[in-house]
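Engineer: See target.txt below, with compact mmCIF, C-alpha atoms.
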```txt
# COMPACT_ATOMS: atom_id res chain seq x y z
CA GLN X 285 40.41 -18.97 -6.13
CA SER X 286 38.38 -18.98 -2.90
CA ALA X 287 40.00 -19.87 0.36
CA LEU X 288 39.56 -23.37 1.72
CA THR X 289 37.02 -23.70 4.56
CA GLN X 290 38.14 -24.67 8.05
CA PRO X 291 36.32 -24.53 11.40
CA ARG X 292 37.27 -21.49 13.45
CA SER X 293 38.21 -23.54 16.47
CA VAL X 294 38.43 -27.02 17.92
CA SER X 295 39.34 -28.11 21.42
CA GLY X 296 40.23 -31.21 23.33
CA SER X 297 41.66 -32.44 26.60
CA PRO X 298 45.20 -33.73 26.90
CA GLY X 299 45.47 -37.23 25.52
CA GLN X 300 42.37 -36.93 23.37
CA SER X 301 42.26 -36.75 19.57
CA VAL X 302 41.04 -33.79 17.57
CA THR X 303 40.35 -33.58 13.86
CA ILE X 304 40.38 -30.43 11.74
CA SER X 305 38.52 -30.45 8.46
CA CYS X 306 39.46 -28.48 5.36
CA THR X 307 36.87 -28.25 2.61
CA GLY X 308 37.76 -27.22 -0.92
CA THR X 309 36.39 -27.83 -4.37
CA SER X 310 36.91 -30.08 -7.37
CA SER X 311 39.43 -27.50 -8.61
CA ASP X 312 41.82 -27.88 -5.70
CA ILE X 313 41.59 -30.57 -3.02
CA GLY X 314 39.30 -32.69 -5.18
CA SER X 315 41.75 -32.76 -8.07
CA TYR X 316 45.17 -33.06 -6.45
CA ASN X 317 46.83 -35.06 -3.69
CA TYR X 318 48.84 -31.99 -2.70
CA VAL X 319 47.30 -30.92 0.58
CA SER X 320 49.63 -29.60 3.25
CA TRP X 321 49.06 -28.53 6.86
CA TYR X 322 50.88 -25.87 8.86
CA GLN X 323 51.10 -25.10 12.56
CA GLN X 324 51.55 -21.48 13.54
CA ARG X 325 52.26 -20.08 16.98
CA PRO X 326 51.77 -16.37 17.75
CA GLY X 327 54.37 -14.17 16.11
CA LYS X 328 56.04 -17.06 14.32
CA ALA X 329 56.18 -18.33 10.77
CA PRO X 330 54.03 -21.34 9.84
CA LYS X 331 55.65 -24.75 10.30
CA LEU X 332 54.95 -27.63 7.91
CA MET X 333 53.29 -30.59 9.67
CA ILE X 334 51.90 -32.68 6.81
CA TYR X 335 52.50 -32.62 3.05
CA ASP X 336 51.07 -34.49 0.04
CA VAL X 337 47.91 -35.25 2.11
CA SER X 338 49.46 -37.68 4.58
CA LYS X 339 53.26 -37.47 4.65
CA GLY X 340 55.09 -36.18 7.70
CA PRO X 341 58.29 -34.16 7.39
CA SER X 342 61.28 -35.23 9.40
CA GLY X 343 61.01 -34.14 13.02
CA VAL X 344 57.22 -33.87 13.17
CA PRO X 345 55.67 -36.25 15.75
CA ASP X 346 53.65 -39.08 14.25
CA ARG X 347 50.74 -37.94 16.44
CA PHE X 348 49.94 -35.70 13.49
CA SER X 349 48.27 -37.44 10.56
CA GLY X 350 46.47 -36.35 7.44
CA SER X 351 43.87 -37.78 5.11
CA LYS X 352 41.57 -36.79 2.27
CA SER X 353 38.18 -37.81 0.97
CA GLY X 354 36.81 -36.14 -2.12
CA SER X 355 37.20 -32.39 -1.71
CA THR X 356 37.73 -32.48 2.04
CA ALA X 357 41.04 -33.00 3.79
CA SER X 358 41.56 -33.63 7.49
CA LEU X 359 44.31 -33.25 10.04
CA THR X 360 44.13 -35.42 13.14
CA ILE X 361 46.16 -34.81 16.25
CA SER X 362 46.23 -37.92 18.43
CA GLY X 363 47.27 -37.87 22.07
CA LEU X 364 46.79 -34.10 22.28
CA GLN X 365 49.48 -32.27 24.23
CA ALA X 366 49.60 -28.77 25.66
CA GLU X 367 52.31 -27.83 23.15
CA ASP X 368 49.88 -28.56 20.29
CA GLU X 369 47.87 -25.45 21.13
CA ALA X 370 48.28 -23.24 18.07
CA ASP X 371 46.63 -22.18 14.83
CA TYR X 372 46.53 -24.72 12.00
CA TYR X 373 46.19 -23.95 8.30
CA CYS X 374 45.53 -26.21 5.37
CA CYS X 375 46.82 -25.51 1.88
CA SER X 376 46.14 -27.12 -1.47
CA TYR X 377 47.65 -26.93 -4.90
CA ALA X 378 44.95 -25.37 -7.10
CA GLY X 379 46.31 -26.04 -10.57
CA SER X 380 48.01 -23.67 -13.01
CA TYR X 381 50.91 -23.38 -10.57
CA THR X 382 48.93 -21.65 -7.84
CA TRP X 383 48.13 -22.49 -4.21
CA VAL X 384 45.21 -21.72 -1.90
CA PHE X 385 45.09 -21.68 1.91
CA GLY X 386 42.37 -22.25 4.46
CA GLY X 387 41.25 -19.61 6.91
CA GLY X 388 42.85 -21.31 9.89
CA THR X 389 41.68 -23.26 12.95
CA LYS X 390 42.59 -22.47 16.53
CA VAL X 391 43.30 -25.60 18.54
CA THR X 392 42.78 -25.21 22.28
CA VAL X 393 43.99 -27.77 24.77
CA LEU X 394 41.57 -27.74 27.71
CA GLN T 56 69.97 -26.59 6.54
CA VAL T 57 68.14 -24.03 4.44
CA GLN T 58 67.61 -20.67 6.11
CA LEU T 59 65.72 -17.69 4.74
CA GLN T 60 66.34 -14.17 6.08
CA GLN T 61 63.99 -11.40 5.06
CA SER T 62 64.67 -7.68 4.90
CA GLY T 63 62.87 -4.57 3.76
CA PRO T 64 60.91 -1.55 4.99
CA GLY T 65 57.98 -1.96 7.32
CA LEU T 66 56.09 1.11 6.12
CA VAL T 67 55.05 1.95 2.57
CA LYS T 68 52.90 4.82 1.38
CA PRO T 69 49.74 4.18 -0.65
CA SER T 70 50.30 4.00 -4.42
CA GLN T 71 54.01 3.30 -3.94
CA THR T 72 55.93 0.03 -4.39
CA LEU T 73 56.45 -2.55 -1.66
CA SER T 74 59.91 -4.15 -1.91
CA LEU T 75 61.21 -7.07 0.16
CA THR T 76 64.25 -9.33 -0.12
CA CYS T 77 64.80 -12.90 1.02
CA ALA T 78 68.44 -13.94 1.49
CA ILE T 79 69.14 -17.67 1.17
CA SER T 80 71.70 -19.73 3.07
CA GLY T 81 72.22 -23.46 2.77
CA ASP T 82 70.96 -23.58 -0.82
CA SER T 83 71.16 -21.74 -4.12
CA VAL T 84 68.45 -19.59 -5.67
CA SER T 85 69.51 -21.23 -8.95
CA SER T 86 68.84 -24.76 -7.71
CA ASN T 87 67.11 -26.95 -10.28
CA SER T 88 65.05 -28.61 -7.53
CA ALA T 89 63.66 -25.67 -5.55
CA ALA T 90 61.06 -22.96 -6.02
CA TRP T 91 61.04 -19.71 -4.06
CA SER T 92 57.71 -18.23 -3.03
CA TRP T 93 56.22 -15.18 -1.36
CA ILE T 94 53.20 -15.64 0.92
CA ARG T 95 51.41 -13.00 2.96
CA GLN T 96 49.09 -13.09 5.97
CA SER T 97 46.55 -10.55 7.12
CA PRO T 98 43.52 -10.71 9.43
CA SER T 99 41.17 -9.99 6.53
CA ARG T 100 42.68 -12.26 3.86
CA GLY T 101 44.35 -14.98 5.94
CA LEU T 102 47.32 -16.70 4.32
CA GLU T 103 47.65 -15.90 0.63
CA TRP T 104 50.21 -17.35 -1.78
CA LEU T 105 51.43 -14.51 -4.02
CA GLY T 106 53.89 -16.04 -6.43
CA ARG T 107 57.21 -17.78 -6.98
CA THR T 108 60.37 -17.91 -9.04
CA TYR T 109 62.41 -20.97 -9.96
CA TYR T 110 65.16 -22.14 -12.29
CA ARG T 111 64.79 -25.12 -14.61
CA SER T 112 67.45 -24.45 -17.25
CA LYS T 113 65.87 -20.99 -17.47
CA TRP T 114 63.95 -18.77 -15.05
CA TYR T 115 60.21 -19.10 -14.55
CA ASN T 116 57.63 -17.14 -12.54
CA ASP T 117 54.13 -18.01 -11.43
CA TYR T 118 51.80 -15.42 -9.87
CA ALA T 119 48.45 -15.45 -8.10
CA VAL T 120 45.64 -14.03 -10.19
CA SER T 121 44.75 -11.58 -7.42
CA VAL T 122 48.07 -9.71 -7.73
CA LYS T 123 49.29 -10.69 -11.18
CA SER T 124 49.08 -7.17 -12.62
CA ARG T 125 51.11 -5.66 -9.77
CA ILE T 126 53.71 -8.23 -8.72
CA THR T 127 57.27 -9.03 -9.76
CA ILE T 128 59.47 -11.70 -8.16
CA ASN T 129 63.10 -11.68 -9.24
CA PRO T 130 66.10 -13.83 -8.42
CA ASP T 131 69.48 -12.25 -7.68
CA THR T 132 72.10 -14.90 -8.31
CA SER T 133 75.02 -12.64 -7.36
CA LYS T 134 73.64 -12.28 -3.81
CA ASN T 135 71.83 -15.63 -3.62
CA GLN T 136 68.49 -14.04 -2.82
CA PHE T 137 65.16 -13.24 -4.37
CA SER T 138 62.90 -10.25 -4.11
CA LEU T 139 59.25 -9.21 -4.12
CA GLN T 140 57.96 -6.03 -5.65
CA LEU T 141 54.28 -5.14 -5.34
CA ASN T 142 53.21 -1.98 -7.14
CA SER T 143 50.43 0.49 -6.46
CA VAL T 144 49.85 -0.69 -2.92
CA THR T 145 46.76 0.18 -0.88
CA PRO T 146 45.98 -0.33 2.81
CA GLU T 147 44.55 -3.73 1.75
CA ASP T 148 48.14 -4.85 1.13
CA THR T 149 49.01 -4.39 4.80
CA ALA T 150 50.14 -7.83 5.96
CA VAL T 151 52.97 -9.96 7.27
CA TYR T 152 54.95 -11.14 4.26
CA PHE T 153 56.85 -14.45 4.28
CA CYS T 154 59.29 -15.97 1.84
CA ALA T 155 59.25 -19.76 1.58
CA ARG T 156 60.75 -22.73 -0.27
CA ASP T 157 59.49 -26.15 -1.31
CA ASN T 158 61.55 -29.35 -1.08
CA CYS T 159 61.31 -31.03 -4.47
CA ASN T 160 64.36 -33.25 -4.19
CA VAL T 161 63.54 -35.04 -0.95
CA GLY T 162 59.99 -34.02 -0.15
CA SER T 163 57.41 -32.32 -2.27
CA CYS T 164 57.25 -29.64 -4.90
CA TYR T 165 53.81 -28.72 -3.59
CA ALA T 166 54.35 -27.70 0.03
CA PHE T 167 56.35 -25.02 1.83
CA PHE T 168 59.07 -26.62 3.90
CA TYR T 169 61.18 -23.60 4.79
CA TRP T 170 59.98 -20.14 5.80
CA GLY T 171 61.49 -16.75 6.45
CA GLN T 172 60.80 -15.00 9.73
CA GLY T 173 58.12 -12.73 8.32
CA THR T 174 58.03 -8.97 7.79
CA LEU T 175 55.11 -6.79 8.80
CA VAL T 176 54.48 -4.25 6.06
CA THR T 177 52.01 -1.47 6.79
CA VAL T 178 50.61 0.62 3.95
CA SER T 179 49.81 4.04 5.32
CA SER T 180 50.47 7.68 4.58
```
Please re-express this file's structure in structure tokens.
Structural biologist:
Amino acid sequence: QSALTQPRSVSGSPGQSVTISCTGTSSDIGSYNYVSWYQQRPGKAPKLMIYDVSKGPSGVPDRFSGSKSGSTASLTISGLQAEDEADYYCCSYAGSYTWVFGGGTKVTVL
Amino acid sequence: QVQLQQSGPGLVKPSQTLSLTCAISGDSVSSNSAAWSWIRQSPSRGLEWLGRTYYRSKWYNDYAVSVKSRITINPDTSKNQFSLQLNSVTPEDTAVYFCARDNCNVGSCYAFFYWGQGTLVTVSS
């Protein structure tokens, strides 16, 4: 499978909202409501922020929200904070018990 | 709380076998509601899911097409851990390798809720 497509970077000022897109195909995002999003800080393992398109794991601030339309999923960070500066990766179930990730988006807090 | 602790060599020679282990605490590798995956990350390939093992009355494995001919993921019930073996490695297999687990019983079977700390494996002579 090909990797999902994400913008290389997005930025915003504290308090603003930023949205990261994740574009797949009819074989992955378009077919399944199993999109997840991960935050990764330098030298650390990814941390789950959103699963099953729009569900937040326990302990993740509700400033993080997810959605999907067709073959494109989105992660929105509302009320951006300095601590949100990190890399973000989307992931989708791709059928036949396999998963595919996006290339990652660097979020910069100005 | 589930914790995953990885171990294994950080340097492997080309054509040899990469071997890593992920020790589990707070859960059982034989759980009927968990699946245990290996994921790697490199600058050139980004994050790449490699495969998983899980127990549902018997053991199952699923592997990514890109590595299917070279990969084996095995559970070790006596030590409550699982392992990754990747054969015939090349410099392209240089990456940080992570083990991870889903959360079928209270979350989702389709996301990675728990991660190991990561192991940088360099393939070089």
Engineer: For a quick check of understanding, using all atoms listed in the file, which of X:Leu332, X:Tyr316, X:Pro291, X:Trp321 has the smallest distance to T:Trp170?
Structural biologist: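 Smallest separation from T:Trp170 among the options: X:Leu332.
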Engineer: Could you list, as an MDAnalysis selection string, the residues of chain T having an atom within 12 Å of chain X when counting all atoms listed in the file?
Structural biologist: chainID T and resid 59:61 90 92:109 115:123 151:159 161:175
Engineer: To one decimal in Å, tell me the separation between atom CA of X:Gln290 and atom CA of X:Thr303.
Structural biologist: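 So the two atoms, atom CA of X:Gln290 and atom CA of X:Thr303, lie 10.9 Å apart.
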Engineer: List the neighbours of T:Asn135 out to 10 Å using only C-alpha atoms; skip same-chain residues closer than 4 positions along the sequence, and give me the result as an MDAnalysis selection string.
Structural biologist: chainID T and resid 77:80 82:85 130:131
Engineer: Just to confirm, what's the straight-line distance from atom CA of X:Gly308 to atom CA of T:Arg125 in Å (one decimal)?
Structural biologist: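 Interatomic distance here is 26.9 Å.
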Engineer: Between atom CA of X:Gly350 and atom CA of X:Val393, measure the distance and give it in Å to one decimal.
Structural biologist: 19.5 Å
Engineer: I'd like the neighbourhood of stretch 361-364 of chain X as a PyMOL selection string, where a residue qualifies if any of its atoms comes within 9 Å (using all atoms listed in the file), though same-chain residues fewer than 2 positions away should be ignored.
Structural biologist: chain X and resi 296-304+346-350+359+366-369+393
Engineer: Which residues are close to T:Ser180, i.e. within 9 Å by only C-alpha atoms, leaving aside same-chain residues fewer than 2 positions away? Reply as number ranges by chain.
Structural biologist: T: 66-69, 178
Engineer: Take the residues that were just selected and, keeping C-alpha atoms, output them as a tab-separated table (two decimals), in the coordinates of the input.
Structural biologist:
```tsv
chain	number	residue	atom	x	y	z
T	66	LEU	CA	56.09	1.11	6.12
T	67	VAL	CA	55.05	1.95	2.57
T	68	LYS	CA	52.90	4.82	1.38
T	69	PRO	CA	49.74	4.18	-0.65
T	178	VAL	CA	50.61	0.62	3.95
```
Engineer: For X:Ser355, find every residue with an atom within 8 Å (counting only C-alpha atoms), except residues of its own chain fewer than 5 positions away, and show them as a ChimeraX atom specification.
Structural biologist: /X:307-310,312-315
